[in-house]
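The data block below is protein-v8.txt; it holds compact mmCIF, C-alpha atoms.
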```txt
# COMPACT_ATOMS: atom_id res chain seq x y z
CA MET E 1 -8.65 -77.86 35.87
CA ALA E 2 -7.74 -75.92 39.02
CA VAL E 3 -8.17 -75.96 42.77
CA LYS E 4 -11.86 -75.33 43.33
CA PHE E 5 -14.37 -75.12 46.11
CA PHE E 6 -17.37 -77.43 46.07
CA GLY E 7 -20.00 -74.82 45.17
CA GLN E 8 -17.97 -73.65 42.20
CA PHE E 9 -17.60 -77.24 40.98
CA LEU E 10 -21.38 -77.76 41.12
CA VAL E 11 -22.12 -74.56 39.18
CA GLU E 12 -19.45 -75.33 36.57
CA LYS E 13 -20.90 -78.80 36.03
CA GLY E 14 -24.42 -77.38 35.71
CA ILE E 15 -25.60 -79.46 38.70
CA VAL E 16 -26.68 -76.39 40.68
CA ALA E 17 -27.79 -73.04 39.24
CA ARG E 18 -25.96 -69.88 40.24
CA ASP E 19 -29.01 -68.39 42.01
CA ILE E 20 -29.61 -71.59 44.03
CA LEU E 21 -25.98 -71.62 45.12
CA LEU E 22 -26.34 -68.02 46.28
CA LYS E 23 -29.45 -69.01 48.26
CA ALA E 24 -27.50 -71.81 49.97
CA ILE E 25 -24.60 -69.45 50.72
CA GLU E 26 -27.10 -66.98 52.24
CA LEU E 27 -28.34 -69.78 54.50
CA GLN E 28 -24.76 -70.60 55.50
CA GLU E 29 -24.16 -66.94 56.35
CA GLN E 30 -27.24 -66.94 58.60
CA LYS E 31 -26.36 -70.19 60.37
CA ASN E 32 -22.57 -69.98 60.66
CA LEU E 33 -21.97 -67.49 63.45
CA LYS E 34 -18.78 -65.45 63.46
CA LEU E 35 -16.51 -65.81 66.47
CA GLY E 36 -17.84 -62.69 68.20
CA GLU E 37 -21.47 -63.65 67.55
CA MET E 38 -20.87 -67.16 68.87
CA ALA E 39 -19.14 -65.82 72.01
CA VAL E 40 -22.15 -63.55 72.65
CA THR E 41 -24.61 -66.41 72.02
CA MET E 42 -22.71 -68.60 74.51
CA GLY E 43 -22.90 -65.81 77.09
CA HIS E 44 -19.13 -65.36 77.45
CA VAL E 45 -19.12 -61.74 76.28
CA SER E 46 -21.54 -58.88 75.65
CA PRO E 47 -22.15 -57.14 72.29
CA ALA E 48 -20.48 -54.06 73.83
CA ASP E 49 -17.33 -56.15 74.50
CA ILE E 50 -17.24 -57.18 70.85
CA ASP E 51 -17.67 -53.57 69.68
CA ARG E 52 -14.80 -52.52 71.94
CA ALA E 53 -12.57 -55.30 70.59
CA HIS E 54 -13.48 -54.48 66.97
CA ARG E 55 -12.49 -50.85 67.54
CA ALA E 56 -9.17 -51.93 69.08
CA GLN E 57 -8.64 -54.35 66.18
CA LEU E 58 -8.70 -51.47 63.66
CA SER E 59 -5.17 -50.45 64.62
CA ARG E 60 -3.83 -53.97 65.20
CA ASP E 61 -2.96 -56.91 62.98
CA ILE E 62 -4.47 -59.54 65.30
CA LYS E 63 -7.30 -62.05 65.17
CA LEU E 64 -10.43 -61.16 67.16
CA GLY E 65 -10.17 -64.23 69.40
CA ASP E 66 -6.55 -63.50 70.35
CA LEU E 67 -7.44 -59.88 71.01
CA LEU E 68 -10.41 -60.81 73.24
CA VAL E 69 -8.03 -62.94 75.31
CA GLU E 70 -5.37 -60.21 75.39
CA MET E 71 -7.98 -57.68 76.57
CA GLY E 72 -9.06 -60.03 79.35
CA ILE E 73 -12.59 -60.32 77.92
CA LEU E 74 -12.32 -64.08 77.20
CA THR E 75 -10.16 -66.71 78.86
CA LEU E 76 -8.14 -69.08 76.66
CA SER E 77 -10.39 -71.99 77.59
CA GLN E 78 -13.50 -69.94 76.72
CA LEU E 79 -11.94 -69.07 73.35
CA ASP E 80 -11.29 -72.74 72.79
CA GLU E 81 -14.93 -73.55 73.67
CA VAL E 82 -16.22 -70.90 71.25
CA MET E 83 -14.04 -72.14 68.42
CA THR E 84 -15.02 -75.75 69.06
CA ARG E 85 -18.71 -74.82 69.02
CA GLN E 86 -18.18 -72.92 65.74
CA LYS E 87 -16.51 -75.97 64.22
CA ASN E 88 -19.10 -78.45 65.49
CA THR E 89 -22.09 -76.43 64.30
CA HIS E 90 -20.62 -75.34 60.96
CA LEU E 91 -23.06 -75.73 58.09
CA TYR E 92 -21.15 -76.85 55.00
CA ILE E 93 -22.21 -75.74 51.53
CA GLY E 94 -23.29 -79.27 50.56
CA GLU E 95 -25.54 -79.49 53.65
CA ALA E 96 -26.94 -76.02 52.86
CA LEU E 97 -27.76 -77.14 49.31
CA VAL E 98 -29.69 -80.10 50.72
CA LEU E 99 -31.56 -77.79 53.11
CA VAL E 100 -32.62 -75.44 50.28
CA GLY E 101 -33.81 -78.45 48.27
CA ALA E 102 -31.19 -78.23 45.52
CA LEU E 103 -29.77 -81.71 46.20
CA THR E 104 -30.88 -84.86 47.98
CA ASN E 105 -28.49 -86.48 50.46
CA GLU E 106 -27.78 -89.23 47.92
CA GLN E 107 -27.02 -86.68 45.19
CA LEU E 108 -24.76 -84.81 47.61
CA GLN E 109 -22.73 -87.94 48.35
CA HIS E 110 -22.44 -88.70 44.64
CA CYS E 111 -21.35 -85.12 43.83
CA LEU E 112 -18.80 -85.14 46.66
CA GLY E 113 -17.31 -88.30 45.18
CA GLU E 114 -17.05 -86.66 41.75
CA PHE E 115 -15.58 -83.52 43.31
CA ASN E 116 -12.93 -85.52 45.16
CA THR E 117 -11.97 -87.27 41.93
CA ASP E 118 -11.76 -83.91 40.13
CA GLN E 119 -9.54 -82.47 42.85
CA ALA E 120 -7.39 -85.59 43.38
CA PRO E 121 -4.50 -84.16 41.31
CA TYR E 122 -4.27 -81.32 43.83
CA VAL E 123 -4.15 -83.38 47.02
CA SER E 124 -1.12 -82.04 48.91
CA GLU E 125 1.99 -84.11 49.32
CA ARG E 126 4.56 -83.70 52.06
CA ILE E 127 7.51 -81.44 51.28
CA GLU E 128 10.52 -81.41 53.54
CA LEU E 129 11.29 -77.91 54.86
CA PRO E 130 14.06 -76.67 57.15
CA ALA E 131 13.09 -76.90 60.83
CA ASP E 132 11.45 -74.01 62.73
CA ILE E 133 9.70 -72.41 59.73
CA SER E 134 6.38 -70.98 60.89
CA ASN E 135 3.22 -71.79 58.90
CA SER E 136 5.09 -74.70 57.34
CA ASP E 137 1.80 -76.20 56.09
CA ILE E 138 1.30 -73.19 53.82
CA TRP E 139 4.85 -73.36 52.41
CA GLU E 140 4.45 -77.09 51.79
CA ILE E 141 1.26 -76.33 49.81
CA THR E 142 3.14 -73.57 47.99
CA ALA E 143 5.98 -75.82 46.83
CA ASP E 144 3.66 -78.74 46.12
CA LEU E 145 1.26 -76.71 43.95
CA THR E 146 4.19 -75.12 42.13
CA TYR E 147 5.41 -78.61 41.20
CA LYS E 148 1.90 -79.72 40.19
CA MET E 149 1.38 -76.63 38.01
CA ILE E 150 4.77 -77.16 36.32
CA THR E 151 3.38 -80.48 35.16
CA ARG E 152 -0.18 -79.28 34.53
CA MET E 153 0.47 -75.92 32.81
CA LEU E 154 3.99 -76.25 31.41
CA GLY E 155 4.26 -79.98 30.79
CA PHE E 156 7.91 -80.03 31.91
CA PRO E 157 9.44 -83.23 33.26
CA PHE E 158 11.31 -82.18 36.40
CA ARG E 159 13.04 -83.31 39.57
CA ALA E 160 12.48 -81.32 42.76
CA GLY E 161 15.73 -80.53 44.61
CA LYS E 162 16.04 -80.30 48.37
CA CYS E 163 14.71 -77.09 49.92
CA ARG E 164 17.38 -75.00 51.66
CA ALA E 165 17.49 -71.85 53.76
CA ILE E 166 19.20 -68.96 51.95
CA THR E 167 20.37 -65.41 52.70
CA ALA E 168 20.55 -64.28 49.06
CA VAL E 169 19.45 -65.37 45.59
CA ASP E 170 21.67 -65.39 42.51
CA VAL E 171 20.26 -63.32 39.68
CA ASP E 172 18.83 -65.27 36.79
CA PHE E 173 17.68 -64.11 33.36
CA SER E 174 14.05 -63.53 34.32
CA MET E 175 12.56 -63.25 37.81
CA ALA E 176 8.84 -62.88 38.45
CA ALA E 177 7.56 -62.02 41.93
CA LEU E 178 4.20 -61.85 43.68
CA ASP E 179 3.43 -60.70 47.21
CA MET E 180 1.19 -62.70 49.53
CA SER E 181 -0.61 -61.17 52.52
CA GLY E 182 -3.30 -62.12 55.00
CA ASP E 183 -2.61 -65.00 57.41
CA VAL E 184 0.96 -65.12 56.06
CA GLU E 185 3.21 -62.49 54.51
CA ALA E 186 5.71 -63.51 51.90
CA ARG E 187 7.16 -62.79 48.49
CA TYR E 188 6.93 -65.66 46.00
CA ILE E 189 9.61 -65.60 43.28
CA ILE E 190 10.27 -67.82 40.28
CA SER E 191 13.57 -67.34 38.46
CA VAL E 192 14.34 -68.86 35.08
CA SER E 193 17.10 -68.87 32.48
CA GLN E 194 16.54 -67.39 29.00
CA GLU E 195 15.93 -70.85 27.55
CA LEU E 196 13.46 -71.77 30.29
CA GLN E 197 11.65 -68.48 29.83
CA LYS E 198 11.09 -69.39 26.18
CA SER E 199 9.90 -72.86 27.18
CA VAL E 200 7.43 -71.32 29.64
CA ALA E 201 6.21 -68.93 26.93
CA ARG E 202 5.72 -71.74 24.39
CA ALA E 203 3.66 -73.67 26.93
CA ILE E 204 1.54 -70.74 28.13
CA LEU E 205 0.89 -69.35 24.63
CA HIS E 206 0.47 -72.83 23.07
CA GLU E 207 2.90 -71.80 20.31
CA GLU E 208 5.57 -73.89 18.58
CA SER E 209 7.97 -70.96 18.40
CA VAL E 210 8.28 -67.76 20.40
CA GLU E 211 11.45 -66.47 18.70
CA ASN E 212 9.65 -63.40 17.35
CA GLU E 213 7.78 -62.55 20.53
CA PRO E 214 8.73 -59.27 22.25
CA SER E 215 10.47 -59.55 25.63
CA GLU E 216 7.36 -58.00 27.23
CA VAL E 217 5.27 -61.01 26.18
CA LEU E 218 7.93 -63.52 27.26
CA GLU E 219 8.17 -61.90 30.70
CA ASP E 220 4.38 -61.81 30.93
CA THR E 221 4.12 -65.57 30.51
CA VAL E 222 6.30 -66.19 33.58
CA MET E 223 4.25 -63.64 35.54
CA GLU E 224 1.02 -65.32 34.48
CA PHE E 225 2.41 -68.69 35.51
CA ILE E 226 3.10 -67.45 39.06
CA ASN E 227 -0.25 -65.65 39.16
CA VAL E 228 -2.07 -68.91 38.45
CA VAL E 229 0.10 -70.90 40.87
CA CYS E 230 -0.42 -68.40 43.70
CA GLY E 231 -4.17 -68.08 43.05
CA ASN E 232 -4.44 -71.84 43.41
CA ILE E 233 -2.32 -71.69 46.59
CA ALA E 234 -4.81 -69.14 47.97
CA ALA E 235 -7.67 -71.49 47.02
CA LYS E 236 -6.02 -74.48 48.69
CA ALA E 237 -5.25 -72.42 51.79
CA SER E 238 -8.87 -71.23 51.96
CA GLN E 239 -10.00 -74.88 52.12
CA LYS E 240 -7.98 -75.05 55.34
CA GLY E 241 -9.55 -71.87 56.70
CA ARG E 242 -6.48 -69.74 55.98
CA ILE E 243 -6.72 -66.42 54.16
CA ILE E 244 -4.10 -65.53 51.57
CA ASN E 245 -4.45 -62.43 49.40
CA ILE E 246 -2.25 -62.06 46.34
CA SER E 247 -1.02 -58.94 44.58
CA PRO E 248 -0.62 -58.71 40.79
CA PRO E 249 2.70 -60.27 39.70
CA VAL E 250 5.69 -58.16 38.68
CA THR E 251 9.02 -58.77 36.95
CA ILE E 252 11.98 -57.86 39.16
CA ARG E 253 15.46 -56.92 37.98
CA PRO E 254 17.97 -57.15 40.82
CA ASP E 255 21.52 -55.94 40.17
CA ALA E 256 24.28 -58.41 39.37
CA ALA E 257 25.25 -58.82 43.04
CA GLY E 258 22.06 -60.80 43.61
CA LEU E 259 18.96 -60.39 45.68
CA ALA E 260 19.40 -60.40 49.45
CA VAL E 261 16.67 -61.78 51.69
CA PRO E 262 15.11 -58.66 53.31
CA SER E 263 15.66 -58.17 57.03
CA GLY E 264 12.91 -59.67 59.17
CA HIS E 265 12.36 -62.41 56.58
CA ARG E 266 13.44 -66.03 56.16
CA GLY E 267 14.59 -67.13 52.73
CA LEU E 268 13.82 -70.56 51.27
CA CYS E 269 14.97 -71.85 47.91
CA PHE E 270 13.47 -74.86 46.12
CA PRO E 271 15.62 -75.81 43.12
CA ILE E 272 13.61 -77.47 40.34
CA HIS E 273 15.74 -79.37 37.86
CA ILE E 274 14.16 -79.40 34.44
CA GLY E 275 15.30 -81.66 31.63
CA GLU E 276 19.03 -82.36 31.33
CA ASN E 277 20.65 -79.14 32.45
CA GLU E 278 18.17 -76.38 33.32
CA THR E 279 17.14 -75.29 36.81
CA MET E 280 14.18 -73.14 37.74
CA GLN E 281 14.22 -71.73 41.27
CA LEU E 282 11.24 -71.20 43.52
CA VAL E 283 12.25 -68.69 46.20
CA LEU E 284 10.20 -67.58 49.19
CA PHE E 285 10.93 -64.57 51.36
CA ILE E 286 8.79 -65.30 54.42
CA LYS E 287 8.15 -62.55 56.97
CA ASP E 288 8.99 -63.73 60.51
CA MET P 1 -22.25 -63.35 16.85
CA LYS P 2 -21.86 -62.26 20.44
CA ARG P 3 -19.08 -59.75 21.00
CA VAL P 4 -16.62 -60.42 23.81
CA LEU P 5 -14.32 -57.98 25.62
CA VAL P 6 -11.38 -59.45 27.56
CA VAL P 7 -10.11 -57.69 30.69
CA ASP P 8 -6.79 -58.95 32.05
CA ASP P 9 -3.45 -57.33 32.83
CA SER P 10 -1.73 -60.36 31.31
CA LEU P 11 -0.98 -60.13 27.59
CA SER P 12 -0.64 -63.89 27.39
CA VAL P 13 -4.10 -64.53 28.86
CA ALA P 14 -5.61 -61.98 26.47
CA ARG P 15 -3.89 -63.80 23.58
CA GLN P 16 -5.17 -67.21 24.75
CA LEU P 17 -8.74 -65.95 25.15
CA GLU P 18 -8.64 -64.10 21.82
CA LYS P 19 -7.74 -67.35 20.06
CA ILE P 20 -10.38 -69.40 21.90
CA ILE P 21 -13.09 -66.81 21.21
CA ASN P 22 -12.27 -66.23 17.54
CA ASP P 23 -11.82 -69.95 16.77
CA SER P 24 -15.21 -70.78 18.32
CA GLY P 25 -17.33 -69.57 15.42
CA ASP P 26 -19.92 -68.33 17.94
CA PHE P 27 -18.18 -65.28 19.38
CA THR P 28 -16.11 -62.33 18.22
CA TYR P 29 -13.21 -60.93 20.24
CA ILE P 30 -13.51 -57.14 20.20
CA GLY P 31 -10.56 -56.08 22.33
CA HIS P 32 -8.55 -56.17 25.52
CA ALA P 33 -8.61 -53.87 28.56
CA LYS P 34 -5.72 -54.10 31.03
CA ASN P 35 -7.59 -53.17 34.21
CA GLY P 36 -11.03 -52.41 35.59
CA ALA P 37 -11.01 -48.72 34.74
CA GLU P 38 -10.19 -49.47 31.08
CA ALA P 39 -12.92 -52.11 31.10
CA ILE P 40 -15.55 -49.58 32.14
CA LYS P 41 -14.43 -47.18 29.39
CA MET P 42 -14.36 -49.92 26.75
CA ASN P 43 -17.76 -51.23 27.85
CA HIS P 44 -19.12 -47.75 27.12
CA SER P 45 -17.32 -47.32 23.78
CA GLU P 46 -17.51 -50.90 22.41
CA ASP P 47 -20.81 -52.11 23.97
CA PRO P 48 -19.82 -55.80 24.27
CA ASP P 49 -22.36 -58.57 24.94
CA ILE P 50 -19.97 -60.45 27.24
CA ILE P 51 -16.99 -59.42 29.35
CA CYS P 52 -14.40 -62.00 30.47
CA MET P 53 -12.62 -60.31 33.37
CA ASP P 54 -9.71 -61.15 35.68
CA MET P 55 -9.97 -60.32 39.42
CA ASN P 56 -6.35 -59.61 40.36
CA MET P 57 -5.19 -56.59 38.33
CA PRO P 58 -3.14 -53.49 39.13
CA GLY P 59 -5.17 -50.26 39.37
CA MET P 60 -8.88 -51.01 39.53
CA ASP P 61 -9.32 -54.73 40.26
CA GLY P 62 -11.94 -56.98 38.71
CA LEU P 63 -14.43 -57.05 41.60
CA THR P 64 -14.45 -53.25 41.88
CA ALA P 65 -15.03 -52.98 38.13
CA LEU P 66 -17.75 -55.64 38.32
CA ARG P 67 -19.57 -53.61 40.97
CA SER P 68 -19.56 -50.55 38.69
CA LEU P 69 -20.46 -52.45 35.55
CA SER P 70 -23.42 -54.10 37.28
CA MET P 71 -24.79 -50.66 38.15
CA LEU P 72 -23.98 -48.96 34.84
CA ASP P 73 -25.00 -51.65 32.37
CA LYS P 74 -27.71 -54.17 33.19
CA ASP P 75 -27.35 -55.93 29.82
CA VAL P 76 -23.71 -56.88 29.73
CA LYS P 77 -22.91 -60.38 31.00
CA VAL P 78 -19.71 -60.62 33.02
CA VAL P 79 -17.78 -63.85 33.56
CA MET P 80 -14.79 -63.71 35.88
CA VAL P 81 -11.71 -65.57 34.59
CA THR P 82 -9.32 -65.79 37.50
CA SER P 83 -6.73 -67.79 39.39
CA LEU P 84 -8.71 -66.93 42.54
CA GLY P 85 -11.90 -68.73 41.43
CA GLY P 86 -11.31 -71.52 43.93
CA VAL P 87 -11.27 -69.11 46.87
CA GLY P 88 -14.83 -69.53 48.14
CA ASP P 89 -15.19 -65.96 49.41
CA LYS P 90 -14.00 -64.47 46.10
CA PHE P 91 -16.26 -66.75 44.08
CA THR P 92 -19.26 -65.86 46.24
CA GLU P 93 -18.53 -62.13 46.14
CA ALA P 94 -18.29 -62.25 42.34
CA LEU P 95 -21.69 -63.96 42.02
CA LYS P 96 -23.27 -61.56 44.53
CA LEU P 97 -21.93 -58.60 42.54
CA GLY P 98 -23.61 -59.94 39.41
CA ALA P 99 -21.05 -62.16 37.67
CA LYS P 100 -22.79 -64.87 35.66
CA ASN P 101 -20.07 -67.42 36.35
CA VAL P 102 -16.44 -67.81 37.39
CA ILE P 103 -13.82 -69.66 35.35
CA SER P 104 -10.71 -70.76 37.22
CA LYS P 105 -7.22 -70.49 35.74
CA PRO P 106 -5.67 -72.56 34.32
CA PHE P 107 -8.57 -73.07 31.94
CA GLU P 108 -9.24 -75.28 28.93
CA ALA P 109 -10.81 -73.87 25.74
CA GLY P 110 -13.77 -76.25 26.08
CA ASP P 111 -14.59 -75.06 29.61
CA VAL P 112 -14.51 -71.41 28.56
CA LEU P 113 -16.74 -71.97 25.53
CA GLN P 114 -19.22 -74.10 27.46
CA ILE P 115 -19.71 -71.32 29.99
CA LEU P 116 -19.92 -68.58 27.34
CA ARG P 117 -22.50 -70.59 25.36
CA GLU P 118 -24.66 -71.05 28.46
CA LEU P 119 -25.02 -67.28 28.94
```
Can the structure in the file be given as structure tokens, please?
Amino acid sequence: MAVKFFGQFLVEKGIVARDILLKAIELQEQKNLKLGEMAVTMGHVSPADIDRAHRAQLSRDIKLGDLLVEMGILTLSQLDEVMTRQKNTHLYIGEALVLVGALTNEQLQHCLGEFNTDQAPYVSERIELPADISNSDIWEITADLTYKMITRMLGFPFRAGKCRAITAVDVDFSMAALDMSGDVEARYIISVSQELQKSVARAILHEESVENEPSEVLEDTVMEFINVVCGNIAAKASQKGRIINISPPVTIRPDAAGLAVPSGHRGLCFPIHIGENETMQLVLFIKD
Amino acid sequence: MKRVLVVDDSLSVARQLEKIINDSGDFTYIGHAKNGAEAIKMNHSEDPDIICMDMNMPGMDGLTALRSLSMLDKDVKVVMVTSLGGVGDKFTEALKLGAKNVISKPFEAGDVLQILREL
């Protein structure tokens, strides 16, 4: 069980065939206009304006709407109108499946109910973060899904400690890291003791003992854990219209002095107390 | 028995899938490629019936490899096994490129076998 989108759930359950889903997605792509297309349709800009903005966007890390405003092509209130129209006319995948005849409205409502039940374990809970952290909704999802996956994948009883801002991280036995990019930029790190690393490996490999496993395999299990957590974070973020890309995970080996938060980044640490006396740390280096 | 190639940079995922596949009685695990480029080579040398492939791998990623495999070999059935399955755009791109299905991580043995048996 993982964070899913509705179409995937329907295909997995055999309710909708792969080719029918693709047909519905094609319909969505025809009906759901992109921001530039919608702005042209509403008469606020010309196709030539959009071309000019797209060319300028090639060398900038900026959303098209913000750029159109910056270039004086759209006013802020026009941008707001365009985005509202996009939202109000959005054709959802369930509606598209009804339109292509794959589901009736009654079946859609029933399937949505089943989907919500399936995804209930992944409904986000509030996490308290230090004030003035940008994109705090994403970091709340990040911590929340990490906790949920500790239960789901590792089966560890745990107690989440209070999140705190940090300037450096103490080195632990094993540290796995994964870079996030897209609407946010950050490095996600999980650090574990030697004993916790073995516990993670036993859970991931479904083995009673991992005493004879090479260190490469033990490290790999922690990397795979963060890969799955971060993939599910990307999925949850995409449900909120946010894009997060993830890189393959790596094992990092800082020197004994510890790992400093890179300049231009904020550091957050979420201690996770496991069992009687072990602590796993979730660390985020978030680009300002 | 249908022969299955696993493509994932994670040794632990390859081990999990090897066990699920070999314990099923319906499929045979024939090997493990660590990235998309290795997958294309092993598809040529081992001629699997099914490929279970990750998306997020160093070197050639899974979607790039899927694009090539779909052009090079019309017979092989590719199922993506990925933590990114719940990202709608990634799921859609995989199906458009020819994947038969997408399995999200973390997965259960029963879910994997159900999808492989439906191919």
Starting from chain P, keep only residues with some atom at most 6 Å from an atom of chain E, counting all atoms listed in the file, and report them as an mmCIF file with C-alpha atoms, in the frame of the given file.
```
data_model
loop_
_atom_site.group_PDB
_atom_site.id
_atom_site.type_symbol
_atom_site.label_atom_id
_atom_site.label_comp_id
_atom_site.auth_asym_id
_atom_site.auth_seq_id
_atom_site.Cartn_x
_atom_site.Cartn_y
_atom_site.Cartn_z
ATOM 1 C CA SER P 12 -0.640 -63.890 27.390
ATOM 2 C CA ASN P 56 -6.350 -59.610 40.360
ATOM 3 C CA MET P 57 -5.190 -56.590 38.330
ATOM 4 C CA SER P 83 -6.730 -67.790 39.390
ATOM 5 C CA LEU P 84 -8.710 -66.930 42.540
ATOM 6 C CA GLY P 86 -11.310 -71.520 43.930
ATOM 7 C CA VAL P 87 -11.270 -69.110 46.870
ATOM 8 C CA GLY P 88 -14.830 -69.530 48.140
#
```
| What's the 7 Å shell around segment 35-46 of chain E, counting only C-alpha atoms, without same-chain residues fewer than 2 positions away, as a list in words? | Leu33, Ala48, Asp49, Ile50, Ile73, Leu74 and Val82 of chain E
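Interatomic distance, atom CA of Phe107 of chain P to atom CA of Met180 of chain E: 22.6 Å.
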| request: Name the residues in contact with Ile51 of chain P at a cut-off of 6 Å, using all atoms listed in the file, excluding same-chain residues fewer than 4 positions from it; report them as a list in words. | output: Val4, Leu5, Val6 and Val78 of chain P
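Within the 12 Å cut-off around segment 132-135 of chain E, using only C-alpha atoms and omitting residues fewer than 6 positions from it on the same chain, the listed residues are Ile141, Thr142, Cys163, Arg164, Ala165, Asp183, Val184, Glu185, Ala186, Ala237, Arg242, His265, Arg266, Gly267, Leu268, Leu284, Phe285, Ile286, Lys287 and Asp288 of chain E.
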| message | One decimal, in Å: what's the spacing between atom CA of Leu69 of chain P and atom CA of Ala39 of chain P? | response | 8.8 Å
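The environment of segment 254-259 of chain E within 9 Å, counting all atoms listed in the file and disregarding residues fewer than 5 places along the same chain, consists of Thr167, Ala168, Val169, Asp170, Val171, Asp172 and Met175 of chain E.
Residue nearest Lys240 of chain E within the list E:Asn277, E:Glu114, E:Leu67, E:Ile138: E:Ile138 [criterion: smallest interatomic distance, all atoms listed in the file].
Distances to Pro48 of chain P were evaluated for P:Leu97, P:Val81, P:Leu119, P:Val76 using all atoms listed in the file, and the minimum falls at P:Val76.
Ranking E:Ile272, E:Cys111, E:Val261, E:Leu103 by their shortest atom-to-atom distance to Lys148 of chain E, with all atoms listed in the file included, puts E:Ile272 first.
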| message | Residues proximal to (-13.3, -72.2, 31.7) were defined as those with any atom within 12 Å of that point in the file's coordinates, counting all atoms listed in the file. Which are they, as an MDAnalysis selection string? | response | (chainID E and resid 1:2 8:9 11:13) or (chainID P and resid 16:17 20:21 52 79:83 85 101:118)
Could you give me segment 32-37 of chain P completed to all heavy atoms, formatted as a compact mmCIF listing (two decimals), keeping the file's coordinate frame?
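Output (out00.txt):
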```txt
# COMPACT_ATOMS: atom_id res chain seq x y z
N HIS P 32 -9.19 -55.78 24.27
CA HIS P 32 -8.55 -56.17 25.52
C HIS P 32 -8.34 -54.92 26.38
O HIS P 32 -7.72 -53.95 25.94
CB HIS P 32 -7.20 -56.83 25.16
CG HIS P 32 -6.28 -57.03 26.31
ND1 HIS P 32 -4.92 -56.89 26.20
CD2 HIS P 32 -6.52 -57.36 27.60
CE1 HIS P 32 -4.35 -57.13 27.36
NE2 HIS P 32 -5.31 -57.40 28.23
N ALA P 33 -8.87 -54.94 27.59
CA ALA P 33 -8.61 -53.87 28.56
C ALA P 33 -7.67 -54.43 29.62
O ALA P 33 -7.75 -55.62 29.96
CB ALA P 33 -9.92 -53.42 29.20
N LYS P 34 -6.75 -53.59 30.12
CA LYS P 34 -5.72 -54.10 31.03
C LYS P 34 -6.08 -53.97 32.50
O LYS P 34 -5.35 -54.45 33.37
CB LYS P 34 -4.40 -53.38 30.77
CG LYS P 34 -3.75 -53.81 29.48
CD LYS P 34 -2.42 -53.10 29.30
CE LYS P 34 -1.85 -53.41 27.93
NZ LYS P 34 -0.83 -52.47 27.54
N ASN P 35 -7.16 -53.26 32.81
CA ASN P 35 -7.59 -53.17 34.21
C ASN P 35 -9.07 -52.78 34.25
O ASN P 35 -9.70 -52.57 33.20
CB ASN P 35 -6.73 -52.18 35.01
CG ASN P 35 -6.77 -50.79 34.42
OD1 ASN P 35 -7.83 -50.30 34.03
ND2 ASN P 35 -5.62 -50.15 34.34
N GLY P 36 -9.60 -52.67 35.45
CA GLY P 36 -11.03 -52.41 35.59
C GLY P 36 -11.47 -51.07 35.04
O GLY P 36 -12.54 -50.96 34.43
N ALA P 37 -10.64 -50.06 35.22
CA ALA P 37 -11.01 -48.72 34.74
C ALA P 37 -11.11 -48.72 33.21
O ALA P 37 -12.06 -48.17 32.62
CB ALA P 37 -9.99 -47.69 35.22
```
